[in-house]
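Step one of this worksheet: look at the structure below.
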Amino acid sequence: MSLFSHFFTNDGPGPGIKREQVSKPAPVRFFTILFRKFGKLVQANLIFFLPFIPVVCLAAVLFFLPMEWTLRLPEQAGGGLLDLWGLYVVPLPLLALSPFCAGLTYVTRNFVQERPVFIWWDFWRAVRLNGKMFFLNGCLLYVAYALLSLSGIYYYRSYTVTQSWLCAIPLCFCVALGAILLFAQYYLPLLLVAFELRFWQAYRNACIFALSAFGRNLLISVVLACYFLFLFLAPGFGFTLVLALLLGVFLLASLPSYFVNFVAYPVLDRYLIRIRPLRK
């Protein structure tokens with residue numbers, strides 16, 4: 001049966017999770033589910049590519065437009081021009097991808113829980129039910145990115161010029177706040193698709209997990225950084241070019257989503273799921 005013939009079919013109820021499967025070490029369960037659901041991950045990624053490709057094309061058009069929007073930094077920050085167009089206008093279309101992350105999160109969360117899922121229908125159902133909150137999160141992240149990056153660049157360049165702790169303290173604050181927001185994104189999508197929570201309730205819980213599960217969050221960040229660094233650098237190494245292209249086309253978004261949900265889900269299970277029912 002071809003890969004695309006599964007788009008409108010269910011995984012089937014299956015025999016459920018056996019006791020010996022639950023007791024398996026996490027790395028063994030990770031790769032067991034990965035190999036069993038590999039075709040489904042590819043399908044989820046291809047569905048996500050339906051909005052991804054036009055959004056990236058729009059960002060590319062903005063990048064190549066002969067537009068110039070710059071900001072001159074003050075002398076105490078070393079002077080020079082900052083390319084606001086490239087930093088803040090070119091990535092703006094990526095906001096349109098935010099609602100579709102709901103579908104990807106829901107599908108890969110079901111993989112982690114080993115629950116049956118209709119790839120096509122459940123993807124778009126999750127987008128319909130949770131897309132607004134995911135888009136709100138995307139807007140909030142864009143504003144935070146703009147403010148923190150501008151502030152970080154200013155304080156970093158000011159520190160290199162003055163070597164003053166008055167610049168080092170706000171710079172460290174920007175970095176710390178950015179890390180907390182990043183770590184919170186490992187839990188927020190799961191919270192939004194799994195529970196009937198208000199947006200700010202979900203954000204509060206995600207920030208709590210961002211701080212309380214620091215080691216786990218650092219592991220996720222390092223693995224994702226290595227994954228995307230490999231995709232970025234692989235074309236320069238010849239034999240890895242084909243592997244990078246295959247990963248980019250078939251697993252660019254679904255594999256990181258599965259990995260993040262697999263590592264983050266036990267935290268939610270320990271502190272929330274056992275005391276609060278899941279959404280269906």
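In the structure tokens, the first chain shown is A, the next is B, and so on; residue numbers restart at 1 for each chain, and ligands run from 1 in the order shown.
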
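The shell of residues at most 12 Å from Thr160 in chain A, with only C-alpha atoms counted and near chain neighbours (fewer than 5 positions) removed, consists of A:Gln76, A:Ala77, A:Gly78, A:Gly79, A:Ile153, A:Tyr154, A:Tyr155, A:Trp165, A:Leu166, A:Cys167, A:Ala168, A:Leu171.
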
For Leu182 in chain A: contacts at 10 Å, only C-alpha atoms, fewer than 5 positions along chain excluded, given as a list in words:
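Selected residues are Leu141, Ala176, Leu177, Tyr187, Cys207, Ala210, Asn217 and Ser221 of chain A.
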
Two-atom distance - CA of Leu84 in chain A, CA of Glu68 in chain A (Å)
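Rounded to one decimal, the two atoms are 8.2 Å apart.
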
At a cut-off of 9 Å, using only C-alpha atoms, what residues contact Ala244 in chain A? Leave out same-chain residues fewer than 5 positions from it and give the result as a ChimeraX atom specification.
/A:230-235,249

Nearest to Ser254 in chain A among A:Ala44, A:Ala213, A:Val89, A:Leu71, with distances taken over only C-alpha atoms: which residue is it?
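For Ser254 in chain A, the nearest of the candidates is A:Ala44.
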
Which polymer residues have any atom within 10 Å of an atom of Arg125 in chain A, counting only C-alpha atoms, with same-chain residues fewer than 6 positions away left out, as a PyMOL selection string?
chain A and resi 102-103+106+131

Using only C-alpha atoms, which protein or nucleic acid residues come within 10 Å of Phe63 in chain A? Drop anything in the same chain fewer than 6 positions from it, and give the result as a ChimeraX atom specification.
/A:57,85-87,89-91

Mind dumping the selected residues with N, CA, C and O atoms as a compact mmCIF listing (two decimals), in the first residue's frame?
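See again18.txt below for the written result:
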# COMPACT_ATOMS: atom_id res chain seq x y z
N CYS A 57 7.95 30.85 0.43
CA CYS A 57 8.11 31.58 -0.84
C CYS A 57 7.84 33.07 -0.66
O CYS A 57 8.56 33.92 -1.22
N TRP A 85 14.58 45.48 7.99
CA TRP A 85 13.80 44.76 6.99
C TRP A 85 14.12 43.26 7.05
O TRP A 85 13.22 42.41 7.10
N GLY A 86 15.40 42.93 7.06
CA GLY A 86 15.79 41.52 7.08
C GLY A 86 15.47 40.85 8.40
O GLY A 86 15.11 39.66 8.44
N LEU A 87 15.56 41.58 9.50
CA LEU A 87 15.35 41.00 10.83
C LEU A 87 13.88 40.84 11.18
O LEU A 87 13.50 39.86 11.85
N VAL A 89 10.86 42.13 8.95
CA VAL A 89 9.83 42.08 7.91
C VAL A 89 9.86 40.74 7.17
O VAL A 89 8.82 40.13 6.94
N VAL A 90 11.06 40.27 6.83
CA VAL A 90 11.19 39.01 6.10
C VAL A 90 10.58 37.82 6.87
O VAL A 90 9.86 37.00 6.28
N PRO A 91 10.80 37.70 8.18
CA PRO A 91 10.20 36.56 8.90
C PRO A 91 8.72 36.72 9.23
O PRO A 91 8.10 35.78 9.75

Figure out the distance between CA of Phe38 in chain A and CA of Ala184 in chain A, please, to one decimal in Å.
26.8 Å

Work out how far apart CA of Val222 in chain A and CA of Phe183 in chain A are and give it in Å to one decimal.
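Between these atoms lies a distance of 11.7 Å.
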